Amino acid sequence: MRSGVALSELDALAERVRPVTLTREQRLPVLPAFESILPGAGLRRGATVSIGSATGVGGATSLALALVAEASRLGSWVAAVGLPSLGLVAADELGVALERLVLVAAPERDGWGGVVAALVDGFDLVILHAGRTGVRPADARRLVARARERGSVLLQLGPGWPEGADLQLEVIRARWEGIDDGHGHLLARKVRVTRGGRGEAAQPCRADFWLPGPDGAVEVAIAPVHPLRAVG
Amino acid sequence: MAAVRTLVVRGADWPIVAAGVALDVPAAVVHANRVVATSPAARAHDVVLHQRRREAQSRCPALVVLDHDPSRDARAFEPIVATLDALTPRVEITRPGQVAFPTRGPSRFFGGDDVLAVRAHAIVSAAVGERGAVSVGVADGILAATLAAEAAQLTRVIPPDATPAFLAPLPAATLDRPELVDVLGRLGLRTLGALAALPERDVLARFGTDGLAAWRLAGGLDERPPALAPPPVDLTVSVELDPPADTVAPAAFLARGLAEELHDRLWARGSACTRVVIGAETEHGDHLERVWRAEGALTAAAIADRLRWQLDGWIGGPARHRPTAGISRLWLTPDEVVPAGGRQLGFWGSDAATVDRASRAVARVQGLLGVGSVAVPEWRGSRDPATQIALVEAEAVDLTAERPGAHRDRVAAPWPGRLPTPSPAWVHGEPTAAEVVDTAGEPVLVSGRGALSAPPVLVSVAGGPWSEILAWAGPWPLEERWWDSARHRRRARLQLVTADGQARLLALESARWRVEATYD
């Protein structure tokens with residue numbers, strides 16, 4: 001078919017004349033509050049991010065939602081797998097565009113590979129909650145490779161994921177404000193987040209955030225500090 | 001060049017007829033809370049299309065409300081279509097309840113359009129019988145023929161070359177392009193004739209290809225100039241069914257994949273199809289074929305729908321028309337191929353491309369996990385964090401279109417008693433049991449006046465260890481549906497922050513505490 005040939009030629013041409021993108025453009029934007037704690041001030045396409053919290057501390061789910069909020073607002077699609085209890089009102093309040101959010105039921109342990117591979121092809125951001133069943137290590141490695149190839153960001157929420165992530169965020173302390181013995185109500189939460197990971201994220205770092213603040217916005221409470229490491 | 005002379009047979013109010021409801025009973029088919037089809041008796045009560053279900057019921061309390069089920073419509077229609085095979089082999093189904101075929105050959109054979117129209121009417125009304133009314137229209141082009149059939153009592157034949165005159169006085173809204181019609185209306189172009197009178201170049205310059213297609217239709221031409229090149233022959237996609245299917249479910253399961261394959265093959269050539277032949281072969285070697293056509297390009301989902309409806313028509317129909325053995329092969333052949341306009345991807349990728357990518361991924365996941373496995377959020381009015389947003393199956397919505405339900409402003413009314421913001425990030429579908437005690441170790445309760453029996457001190461979730469309550473707020477009593485004894489609920493809610501740093505929303509109902517949500 002002539003038209004077929006012409007099209008494939010056009011595709012090849014588009015590939016060759018496509019402008020070389022700056023590293024910064026290969027990152028998905030995040031809320032201004034998170035720019036200081038993320039290397040390159042954004043979520044690097046193709047990266048895996050794990051979001052957890054210390055035992056007994058809450059806030060990981062809100063942190064994951066707040067991380068994807070800005071990219072979602074600017075047009076990226078978000079898929080959440082295995083999160084049937086996700087508080088969607090909270091997602092909306094944190095800034096996630098619900099018209100570009102899709103919830104997928106948790107597959108069987110054997111099904112994670114296929115389902116997430118399909119989602120990585122179509123979504124810029126995939127939030128995973130493997131839960132108790134967990135993901136097989138072989139599947140996890142394949143998915144990480146696939147995400148890197150497609151330029152999607154995999155966010156793992158909670159345990160159940162066998163691979164180490166490029167960027168690891170952990171909520172180590174959370175304090176609620178606005179509530180007292182019998183009066184007020186939950187109004188604002190201050191969380192302390194530590195960062196670790198590989199490559200550009202390897203240097204540890206921690207910061208305090210309002211998640212959310214009294215006005216509902218996510219803001220920096222204490223700017224990131226890089227604790228000194230003992231050397232040699 | 002005039003459009004292809006076409007005959008349209010239309011079963012009036014087909015969804016109602018297919019549901020087996022007599023036309024003198026007020027009935028309406030409702031889809032997504034809107035009326036999509038009505039019976040004449042319902043129209044007599046001012047029940048009209050696009051009305052909300054509740055409004056329709058308030059106008060006619062005796063209204064029989066039917067579910068929208070295209071499979072049912074197609075199932076009931078298949079035997080009727082089969083009778084038209086006596087007239088011509090080229091019957092095209094435009095939607096369940098309406099078929100079209102070009103009249104050129106059959107008219108010559110039977111002696112003119114008038115004779116053919118009467119004959120088609122006689123055949124189809126014999127098949128439909130007392131259940132419903134049938135009308136037949138003949139004109140140049142499918143739009144005019146459809147409108148003629150709608151205007152006809154029994155049959156109506158618009159003479160050759162009289163089609164533009166027939167269309168001219170009709171309102172522009174018949175074009176089924178709401179946005180364009182709106183613009184035309186504001187420009188004072190309220191009839192098809194007014195649009196058709198404009199110069200072709202100006203229409204193209206001002207309204208683009210879509211406007212040009214509308215202009216052609218309004219002038220009694222075909223939407224697109226007839227394609228000179230036949231579609232490439234190698235685009236047929238087929239699938240073997242092993243074991244052969246004698247029920248709809250296993251075959252319909254394959255329908256989606258087959259439709260995607262066809263769509264992708266066409267897409268790779270920058271084409272889309274507007275007319276598709278659906279074929280099946282049975283174990284006994286019988287060949288079944290039907291042509292379906294649509295006004296615009298068929299999407300993968302639209303092809304899959306039509307394939308499923310057709311299978312339903314073949315397998316689920318009355319015994320007389322059912323194939324004698326299970327279906328062992330299915331195929332799809334694009335019969336009319338058009339350049340895939342309007343859905344062109346941007347050169348560097350665009351919003352349209354992102355949506356497209358996402359909806360394809362969704363389709364693949366639905367194939368892996370089942371149709372109900374993917375859901376999208378939609379706002380509802382409610383006081384509960386769990387029901388404030390409902391999850392709607394992705395299958396039921398069009399991801400590529402604007403979805404007003406996904407925006408918060410959809411919920412206009414205030415809901416007193418709603419929780420203060422921020423909302424919990426984790427809402428338990430199945431609330432977990434909890435125990436709350438005071439300093440004396442007695443369970444904490446809420447009185448009828450909404451006061452706590454004692455300040456809460458310790459809480460245990462799901463039989464777990466006791467943890468100390470650092471701060472609490474509430475109780476906020478909530479009394480819902482006090483007018484309805486069956487669905488009446490009385491609750492009191494409490495926000496708790498425990499020593500482990502977790503904040504939870506608890507509710508007391510019937511003297512039992514439950515964790516409704518966690519502020520994770």
# chains A, B, ... in the order shown; residues from 1 in each chain; ligands from 1
$ interface_residues --of "chain B" --to "chain A" --cutoff "6 Å" --atoms "only C-alpha atoms" --output "mmCIF file with C-alpha atoms, in the first residue's frame"
data_model
loop_
_atom_site.group_PDB
_atom_site.id
_atom_site.type_symbol
_atom_site.label_atom_id
_atom_site.label_comp_id
_atom_site.auth_asym_id
_atom_site.auth_seq_id
_atom_site.Cartn_x
_atom_site.Cartn_y
_atom_site.Cartn_z
ATOM 1 C CA ARG B 269 -3.160 3.041 7.150
ATOM 2 C CA ARG B 357 -3.491 6.047 24.687
ATOM 3 C CA ALA B 358 -5.239 5.925 28.034
ATOM 4 C CA ALA B 361 -4.819 0.827 27.878
ATOM 5 C CA VAL B 365 -7.018 -4.093 31.053
ATOM 6 C CA SER B 373 -12.535 -4.069 36.662
ATOM 7 C CA VAL B 374 -11.916 -0.486 35.565
ATOM 8 C CA ALA B 375 -13.873 2.393 37.027
ATOM 9 C CA VAL B 376 -13.861 6.162 36.849
ATOM 10 C CA ALA B 406 -16.075 14.200 37.026
ATOM 11 C CA SER B 423 -11.265 14.625 53.558
ATOM 12 C CA PRO B 424 -9.903 11.207 54.461
ATOM 13 C CA ALA B 425 -7.553 9.660 51.890
ATOM 14 C CA TRP B 426 -8.623 6.149 52.775
ATOM 15 C CA VAL B 427 -12.339 5.335 52.866
ATOM 16 C CA HIS B 428 -13.190 1.865 54.055
ATOM 17 C CA ALA B 471 -7.156 14.429 70.554
ATOM 18 C CA TRP B 472 -10.718 14.041 69.438
ATOM 19 C CA ALA B 473 -13.488 16.111 67.933
ATOM 20 C CA GLY B 474 -17.208 15.568 67.784
ATOM 21 C CA ASP B 500 0.543 6.322 66.851
ATOM 22 C CA GLY B 501 -0.123 9.458 64.780
ATOM 23 C CA GLN B 502 -3.072 8.077 62.834
ATOM 24 C CA ASP B 520 -3.793 8.443 55.716
#
$ residues_around --residues "Ser125 of chain B" --least-positions-apart "2" --cutoff "12 Å" --atoms "only C-alpha atoms" --output "PyMOL selection string"
chain B and resi 9-12+80-81+83-84+117-123+127-136+154-155
$ residues_around --residues "segment 241-249 of chain B" --least-positions-apart "3" --cutoff "12 Å" --atoms "only C-alpha atoms" --output "ChimeraX atom specification"
/B:71,75,238,252-256,258,280-285,307-317,322-331
$ write_last_selection --atoms "C-alpha atoms" --output "PDB file, in the first residue's frame"
ATOM      1  CA  SER B  71     -28.637  -6.286  22.267  1.00  0.00           C
ATOM      2  CA  ARG B  75     -32.018  -9.646  18.711  1.00  0.00           C
ATOM      3  CA  SER B 238     -11.064 -13.252  11.463  1.00  0.00           C
ATOM      4  CA  ALA B 252     -18.841 -11.742  22.412  1.00  0.00           C
ATOM      5  CA  PHE B 253     -15.700 -12.101  24.488  1.00  0.00           C
ATOM      6  CA  LEU B 254     -13.684 -12.364  21.287  1.00  0.00           C
ATOM      7  CA  ALA B 255     -15.608  -9.546  19.636  1.00  0.00           C
ATOM      8  CA  ARG B 256     -13.675  -6.824  21.387  1.00  0.00           C
ATOM      9  CA  LEU B 258     -11.385  -8.688  16.782  1.00  0.00           C
ATOM     10  CA  ALA B 280     -19.884 -15.908  10.720  1.00  0.00           C
ATOM     11  CA  GLU B 281     -19.447 -19.498   9.675  1.00  0.00           C
ATOM     12  CA  THR B 282     -21.143 -22.337  11.500  1.00  0.00           C
ATOM     13  CA  GLU B 283     -19.893 -25.840  12.089  1.00  0.00           C
ATOM     14  CA  HIS B 284     -22.150 -27.019   9.285  1.00  0.00           C
ATOM     15  CA  GLY B 285     -20.505 -24.615   6.869  1.00  0.00           C
ATOM     16  CA  LEU B 307     -20.538  -7.372  16.391  1.00  0.00           C
ATOM     17  CA  ARG B 308     -22.024  -8.253  19.774  1.00  0.00           C
ATOM     18  CA  TRP B 309     -25.504  -7.079  18.763  1.00  0.00           C
ATOM     19  CA  GLN B 310     -25.319  -9.065  15.564  1.00  0.00           C
ATOM     20  CA  LEU B 311     -24.214 -12.203  17.406  1.00  0.00           C
ATOM     21  CA  ASP B 312     -27.110 -11.687  19.753  1.00  0.00           C
ATOM     22  CA  GLY B 313     -29.392 -11.398  16.747  1.00  0.00           C
ATOM     23  CA  TRP B 314     -28.138 -14.636  15.260  1.00  0.00           C
ATOM     24  CA  ILE B 315     -27.743 -16.800  18.325  1.00  0.00           C
ATOM     25  CA  GLY B 316     -30.381 -15.303  20.592  1.00  0.00           C
ATOM     26  CA  GLY B 317     -33.118 -14.999  17.953  1.00  0.00           C
ATOM     27  CA  ARG B 322     -31.072 -19.450  14.550  1.00  0.00           C
ATOM     28  CA  PRO B 323     -28.047 -21.043  12.864  1.00  0.00           C
ATOM     29  CA  THR B 324     -28.246 -24.830  12.880  1.00  0.00           C
ATOM     30  CA  ALA B 325     -24.893 -25.288  14.583  1.00  0.00           C
ATOM     31  CA  GLY B 326     -22.409 -23.416  16.736  1.00  0.00           C
ATOM     32  CA  ILE B 327     -20.416 -20.574  15.219  1.00  0.00           C
ATOM     33  CA  SER B 328     -16.899 -21.693  14.405  1.00  0.00           C
ATOM     34  CA  ARG B 329     -15.452 -18.592  12.744  1.00  0.00           C
ATOM     35  CA  LEU B 330     -16.104 -14.874  12.865  1.00  0.00           C
ATOM     36  CA  TRP B 331     -14.775 -12.220  10.546  1.00  0.00           C
TER      37      TRP B 331
END
$ residues_around --residues "Leu157 of chain A" --least-positions-apart "4" --cutoff "7 Å" --atoms "only C-alpha atoms" --output "VMD selection string"
chain A and resid 50 to 52 127 to 129
$ write_last_selection --atoms "C-alpha atoms" --output "PDB file, in the first residue's frame"
ATOM      1  CA  SER A  50       8.123   4.159  46.433  1.00  0.00           C
ATOM      2  CA  ILE A  51       6.016   5.978  48.970  1.00  0.00           C
ATOM      3  CA  GLY A  52       5.740   4.592  52.444  1.00  0.00           C
ATOM      4  CA  ILE A 127      -0.076   4.237  41.405  1.00  0.00           C
ATOM      5  CA  LEU A 128       0.246   0.646  42.631  1.00  0.00           C
ATOM      6  CA  HIS A 129      -0.855  -0.844  45.884  1.00  0.00           C
TER       7      HIS A 129
END
$ select_by_dssp --residues "segment 60-175 of chain A" --states "alpha helix (DSSP H)" --output "VMD selection string"
chain A and resid 60 to 73 88 to 94 112 to 122 137 to 150
$ atom_distance --atom1 "atom CA of Trp476 of chain B" --atom2 "atom CA of Glu509 of chain B"
12.2 Å
$ atom_distance --atom1 "atom CA of Ala18 of chain B" --atom2 "atom CA of Pro70 of chain B"
9.6 Å
$ residues_around --residues "segment 378-386 of chain B" --least-positions-apart "2" --cutoff "7 Å" --atoms "only C-alpha atoms" --output "list of chain:residue names"
A:Val89, B:Val376, B:Gln388, B:Ile389, B:Ala390, B:Leu391, B:Val392, B:Gly405, B:Ala406, B:His407, B:Arg408, B:Arg410, B:Val411, B:Trp415, B:Gly417, B:Arg418, B:Val427
$ select_by_dssp --residues "segment 338-442 of chain B" --states "strand (DSSP E or B)" --output "list in words"
Val338, Pro339, Val374, Ala375, Val376, Pro377, Glu378, Trp379, Ile389, Ala390, Leu391, Val392, Glu393, Trp426, Val427, His428, Gly429, Glu430, Pro431, Thr432, Ala433, Ala434, Glu435, Val436 and Val437 of chain B
$ residues_around --residues "Glu35 of chain A" --least-positions-apart "6" --cutoff "12 Å" --atoms "only C-alpha atoms" --output "ChimeraX atom specification"
/A:24,27-29,41-44,67,70,207,209,218-220,223-224
